[in-house]
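**Student:** Quick one, start_14.txt (compact mmCIF, C-alpha atoms and all ligand atoms):
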```txt
# COMPACT_ATOMS: atom_id res chain seq x y z
CA MET A 84 -28.06 44.86 7.01
CA ARG A 85 -29.82 46.84 4.29
CA LEU A 86 -32.79 48.98 5.20
CA ASN A 87 -35.32 50.49 2.85
CA VAL A 88 -36.14 54.00 4.04
CA ASN A 89 -38.74 54.86 1.43
CA LYS A 90 -41.54 55.08 3.98
CA LEU A 91 -39.44 57.14 6.40
CA LEU A 92 -38.47 59.50 3.59
CA HIS A 93 -42.08 60.30 2.87
CA THR A 94 -43.46 60.36 6.40
CA PRO A 95 -42.56 63.53 8.30
CA GLU A 96 -41.52 63.06 11.95
CA SER A 97 -41.39 59.27 11.59
CA ARG A 98 -38.60 57.17 13.07
CA GLN A 99 -37.35 53.64 12.92
CA ASP A 100 -35.12 51.92 15.44
CA PHE A 101 -32.66 49.23 14.48
CA ARG A 102 -30.43 46.80 16.28
CA PHE A 103 -28.15 44.10 14.89
CA ALA A 104 -24.86 42.35 15.50
CA LEU A 105 -21.88 42.81 13.25
CA ASP A 106 -19.10 40.28 12.76
CA LEU A 107 -15.76 42.09 12.46
CA SER A 108 -13.64 39.18 13.65
CA ASP A 109 -11.71 39.20 10.36
CA LEU A 110 -10.39 42.73 10.89
CA ASP A 111 -6.63 42.60 11.06
CA PHE A 112 -4.76 45.29 12.98
CA GLY A 113 -1.05 44.79 12.53
CA GLY A 114 -1.27 41.01 12.73
CA SER A 115 -3.86 40.69 15.50
CA CYS A 116 -7.64 40.46 15.28
CA PRO A 117 -8.93 42.18 18.43
CA VAL A 118 -12.63 42.27 17.43
CA SER A 119 -13.26 38.62 18.27
CA GLU A 120 -16.66 39.27 19.86
CA PRO A 121 -19.74 40.44 17.91
CA VAL A 122 -20.16 44.21 17.63
CA ASN A 123 -23.62 45.23 18.84
CA VAL A 124 -25.04 48.05 16.77
CA GLU A 125 -28.14 50.03 17.65
CA GLY A 126 -29.60 53.32 16.61
CA GLN A 127 -32.39 55.01 14.79
CA ILE A 128 -33.27 56.86 11.64
CA ARG A 129 -35.46 59.92 12.06
CA ASN A 130 -37.23 62.09 9.57
CA LYS A 131 -36.66 65.58 10.86
CA ALA A 132 -38.38 68.19 8.72
CA GLY A 133 -37.90 66.05 5.65
CA VAL A 134 -34.23 65.25 6.35
CA LEU A 135 -33.26 61.72 7.34
CA LEU A 136 -30.89 61.64 10.31
CA CYS A 137 -29.16 58.42 11.21
CA ASP A 138 -27.55 57.93 14.63
CA LEU A 139 -25.91 54.72 15.72
CA THR A 140 -23.59 53.32 18.35
CA ALA A 141 -21.43 50.23 17.96
CA HIS A 142 -20.25 48.48 21.08
CA THR A 143 -18.04 45.47 21.78
CA THR A 144 -15.29 44.14 24.01
CA LEU A 145 -11.90 44.08 22.31
CA HIS A 146 -9.36 41.39 23.09
CA CYS A 147 -5.94 42.88 22.45
CA VAL A 148 -2.30 42.28 23.11
CA CYS A 149 -0.44 45.27 24.52
CA ASP A 150 2.04 46.75 22.03
CA ARG A 151 4.46 47.61 24.82
CA CYS A 152 4.38 44.78 27.36
CA CYS A 153 2.87 41.99 25.17
CA GLU A 154 0.26 41.12 27.85
CA PRO A 155 -3.26 40.25 26.66
CA PHE A 156 -6.02 42.55 27.90
CA SER A 157 -9.68 43.34 27.24
CA GLU A 158 -11.13 46.75 26.57
CA GLU A 159 -14.65 48.10 26.10
CA LYS A 160 -15.06 49.88 22.79
CA MET A 161 -17.96 52.20 22.02
CA VAL A 162 -18.23 54.14 18.79
CA ALA A 163 -20.92 56.73 18.07
CA TYR A 164 -21.67 57.83 14.53
CA SER A 165 -24.20 60.18 12.96
CA CYS A 166 -24.94 61.07 9.38
CA VAL A 167 -27.58 62.41 7.04
CA LEU A 168 -29.16 60.04 4.55
CA ALA A 169 -30.02 61.70 1.27
CA GLU A 170 -30.99 60.80 -2.26
CA GLU A 171 -28.52 63.29 -3.64
CA ARG A 172 -25.95 65.78 -2.44
CA GLN A 173 -27.92 68.87 -1.55
CA PHE A 174 -26.40 70.22 1.66
CA ASP A 175 -23.08 71.60 2.77
CA ASP A 176 -20.18 69.28 2.24
CA ASP A 177 -19.40 69.76 5.94
CA GLU A 178 -22.12 67.34 6.86
CA ASP A 179 -21.57 63.64 6.74
CA ILE A 180 -23.94 62.63 3.96
CA VAL A 181 -24.55 59.06 2.95
CA LEU A 182 -26.27 58.64 -0.38
CA LEU A 183 -29.16 56.21 -0.65
CA GLU A 184 -29.25 53.61 -3.36
CA HIS A 185 -32.80 52.86 -4.49
CA ASP A 186 -34.01 54.21 -1.11
CA GLU A 187 -31.79 51.70 0.69
CA VAL A 188 -29.00 52.23 3.18
CA ASP A 189 -26.49 49.55 4.15
CA LEU A 190 -26.35 50.02 7.93
CA GLY A 191 -23.85 47.20 8.35
CA ASP A 192 -21.48 48.98 6.01
CA LEU A 193 -21.94 52.33 7.83
CA ALA A 194 -21.30 50.76 11.23
CA ARG A 195 -18.30 48.81 9.96
CA THR A 196 -16.67 51.90 8.44
CA ALA A 197 -17.37 54.05 11.53
CA PHE A 198 -15.93 51.36 13.79
CA ILE A 199 -12.74 50.89 11.75
CA LEU A 200 -12.11 54.65 11.49
CA ASP A 201 -12.35 54.91 15.27
CA MET A 202 -9.90 52.12 16.05
CA ASP A 203 -6.61 53.13 17.61
CA THR A 204 -3.45 52.27 15.74
CA LYS A 205 -1.77 51.19 18.98
CA PHE A 206 -3.10 48.93 21.71
CA LEU A 207 -1.93 49.73 25.22
CA CYS A 208 -3.06 47.83 28.32
CA LYS A 209 -3.01 51.22 30.08
CA PRO A 210 -1.95 54.67 28.90
CA ASP A 211 1.19 54.66 31.05
CA CYS A 212 2.25 51.05 30.40
CA LYS A 213 5.99 50.90 31.07
CA GLY A 214 6.55 48.03 28.65
CA LEU A 215 9.34 45.51 28.55
CA CYS A 216 12.92 46.41 29.30
CA PRO A 217 14.92 46.04 26.06
CA GLY A 218 17.85 44.85 28.15
CA CYS A 219 16.55 42.15 30.47
CA GLY A 220 13.03 41.69 29.06
CA VAL A 221 11.31 42.17 32.41
CA ASN A 222 7.76 43.55 32.38
CA ARG A 223 8.45 46.88 34.06
CA ASN A 224 4.80 47.20 35.19
CA GLU A 225 5.32 44.21 37.44
CA ALA A 226 8.94 44.20 38.51
CA PRO A 227 11.87 46.57 38.56
CA CYS A 228 14.40 46.17 35.79
CA ARG A 229 17.15 43.67 36.56
CA CYS A 230 19.77 45.24 34.29
CA LYS A 231 22.84 46.61 35.99
CA LYS A 232 22.85 50.33 35.66
CA GLU A 233 25.32 51.08 32.91
CA VAL A 234 27.44 54.05 33.76
CA ASP A 235 28.08 56.58 31.04
CA PRO A 236 31.84 56.32 30.31
CA ARG A 237 32.21 60.11 30.35
CA LEU A 238 30.62 60.30 33.80
CA ALA A 239 32.84 57.45 34.97
CA LYS A 240 35.87 59.42 33.91
CA LEU A 241 34.59 62.53 35.67
CA SER A 242 34.03 60.72 38.94
CA GLN A 243 37.47 59.23 38.59
CA LEU A 244 38.95 62.71 38.24
CA LEU A 245 37.02 63.96 41.24
CA GLN A 246 38.24 61.06 43.33
CA ASP A 247 41.86 61.66 42.33
CA LYS A 248 41.77 65.19 43.66
ZN ZN A 301 1.14 46.94 28.52
ZN ZN A 302 16.32 45.64 32.27
```
Re-express the file's structure as structure tokens.
Ligand SMILES: [Zn+2]
Ligand SMILES: [Zn+2]
**Tutor:**
Amino acid sequence: MRLNVNKLLHTPESRQDFRFALDLSDLDFGGSCPVSEPVNVEGQIRNKAGVLLCDLTAHTTLHCVCDRCCEPFSEEKMVAYSCVLAEERQFDDDEDIVLLEHDEVDLGDLARTAFILDMDTKFLCKPDCKGLCPGCGVNRNEAPCRCKKEVDPRLAKLSQLLQDK
């Protein structure tokens, strides 16, 4: 989605809205592709006192598998991103500046990068997911662990000593 901003650049206080869908279904996060639905991007570019400001949000529903309990789950994902569009670097480096190429900006590329940078490295069905027991494999969110409680041998010895008294 390339947009020519020549008119916006030269028209003070002008603005242009945009809206498009992005296909990120090929994004691989550790072997899974959670962005199976289209990512809906919308936003606007404004000329504010001669500076082009771009604001966008990218929204989709992720379909993930929990890293702890291996259960599939869905999650709403909303990413907001803002930057300044400029023909050349002329401001502080603090600001997020995207350089125009022949007065064009690739909004699809901006949204894609912003979305990827905001993705978590871990997928959890809930923040306090208890996961699977490494011993018996039970999903500890749903059932108590079936492992027999292993007694620390040192504690066993201690209780033995106490009993002998
Ligand atoms: Zn989980
Ligand atoms: Zn267990």
**Student:** In terms of the shortest atom-to-atom distance over only C-alpha atoms and all ligand atoms, which of A:Thr196, A:Gln243, A:Ser165, A:Ser157 is closest to ligand ZN 301 (chain A)?
**Tutor:** A:Ser157
**Student:** I'd like to know which of A:Met161, A:Leu215, A:Ala169, A:Met202 is closest to Val188 in chain A, using only C-alpha atoms.
**Tutor:** A:Ala169
**Student:** Got a sec: who's within 12 Å of Gln99 in chain A, counting only C-alpha atoms, leaving out chain neighbours fewer than 6 positions off, as a list in words?
**Tutor:**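 My reading of the contact set: Leu86, Asn87, Val88, Asn89, Lys90, Leu91, Leu92, Glu125, Gly126, Gln127, Ile128, Arg129, Asn130, Leu135, Leu136, Cys137, Asp138 and Leu139 of chain A.
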**Student:** Quick one: distance from CA of Pro117 in chain A to CA of Cys153 in chain A in Å, one decimal?
**Tutor:**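 So the answer is 13.6 Å.
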**Student:** Name the closest residue to Asp150 in chain A among the candidates A:Gly113, A:Gly220, A:Pro227, A:Pro95; distances are taken between atoms, counting only C-alpha atoms.
**Tutor:** A:Gly113
**Student:** Grab the CA of Glu154 in chain A to CA of Thr204 in chain A distance for me, in Å with one decimal place.
**Tutor:**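 CA of Thr204 in chain A lies at a distance of 16.9 Å from CA of Glu154 in chain A.
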**Student:** Write out as a compact mmCIF listing (two decimals) with C-alpha atoms, in the frame of the given file each polymer residue (protein, DNA or RNA) that has an atom no more than 8 Å from ligand ZN 301 (chain A), with all atoms listed in the file counted.
**Tutor:**
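This is the output file pocket-v7.txt:
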```txt
# COMPACT_ATOMS: atom_id res chain seq x y z
CA VAL A 148 -2.30 42.28 23.11
CA CYS A 149 -0.44 45.27 24.52
CA ASP A 150 2.04 46.75 22.03
CA ARG A 151 4.46 47.61 24.82
CA CYS A 152 4.38 44.78 27.36
CA CYS A 153 2.87 41.99 25.17
CA GLU A 154 0.26 41.12 27.85
CA LEU A 207 -1.93 49.73 25.22
CA CYS A 208 -3.06 47.83 28.32
CA LYS A 209 -3.01 51.22 30.08
CA CYS A 212 2.25 51.05 30.40
CA LYS A 213 5.99 50.90 31.07
CA GLY A 214 6.55 48.03 28.65
CA ASN A 224 4.80 47.20 35.19
```
**Student:** Looking at all atoms listed in the file, which of A:Leu168, A:Val162, A:Val221, A:Cys116 is the one that sits closest to Asp189 in chain A?
**Tutor:** A:Leu168
**Student:** Counting all atoms listed in the file, what are the residues, protein, DNA or RNA alike, that approach ligand ZN 302 (chain A) to within 7 Å? I want them as an mmCIF file with C-alpha atoms, in the frame of the given file.
**Tutor:**
```cif
data_model
loop_
_atom_site.group_PDB
_atom_site.id
_atom_site.type_symbol
_atom_site.label_atom_id
_atom_site.label_comp_id
_atom_site.auth_asym_id
_atom_site.auth_seq_id
_atom_site.Cartn_x
_atom_site.Cartn_y
_atom_site.Cartn_z
ATOM 1 C CA CYS A 216 12.920 46.410 29.300
ATOM 2 C CA PRO A 217 14.920 46.040 26.060
ATOM 3 C CA GLY A 218 17.850 44.850 28.150
ATOM 4 C CA CYS A 219 16.550 42.150 30.470
ATOM 5 C CA GLY A 220 13.030 41.690 29.060
ATOM 6 C CA VAL A 221 11.310 42.170 32.410
ATOM 7 C CA CYS A 228 14.400 46.170 35.790
ATOM 8 C CA ARG A 229 17.150 43.670 36.560
ATOM 9 C CA CYS A 230 19.770 45.240 34.290
#
```
**Student:** For CA of Leu183 in chain A and CA of Asp100 in chain A, determine how far apart the two atoms are, in Å to one decimal place.
**Tutor:** 17.7 Å
**Student:** Using all atoms listed in the file, which of the listed residues (A:Ser108, A:Ser97, A:Ser242, A:Thr140) sits closest to Asn123 in chain A?
**Tutor:**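 Of A:Ser108, A:Ser97, A:Ser242, A:Thr140, the one nearest Asn123 in chain A is A:Thr140, counting all atoms listed in the file.
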**Student:** Taking (-22.6, 49.1, 12.4) as a centre in this file's frame and 7 Å as the limit, can you find every polymer residue with an atom that close, using only C-alpha atoms, and give them as number ranges by chain?
**Tutor:** A: 105, 124, 141, 190-195
**Student:** Give the answer as one residue: which of A:Gly133, A:Glu96, A:Val181, A:Lys160 has the shortest atom-to-atom distance to Pro121 in chain A, using all atoms listed in the file?
**Tutor:** A:Lys160
**Student:** Find the axis-aligned box for range 155-162 of chain A, covering all its listed atoms and adding 4 Å on each side, and write its centre and edge lengths in Å to one decimal as JSON.
**Tutor:**
```
{"center_x": -10.7, "center_y": 47.2, "center_z": 23.3, "size_x": 23.0, "size_y": 21.9, "size_z": 17.1}
```
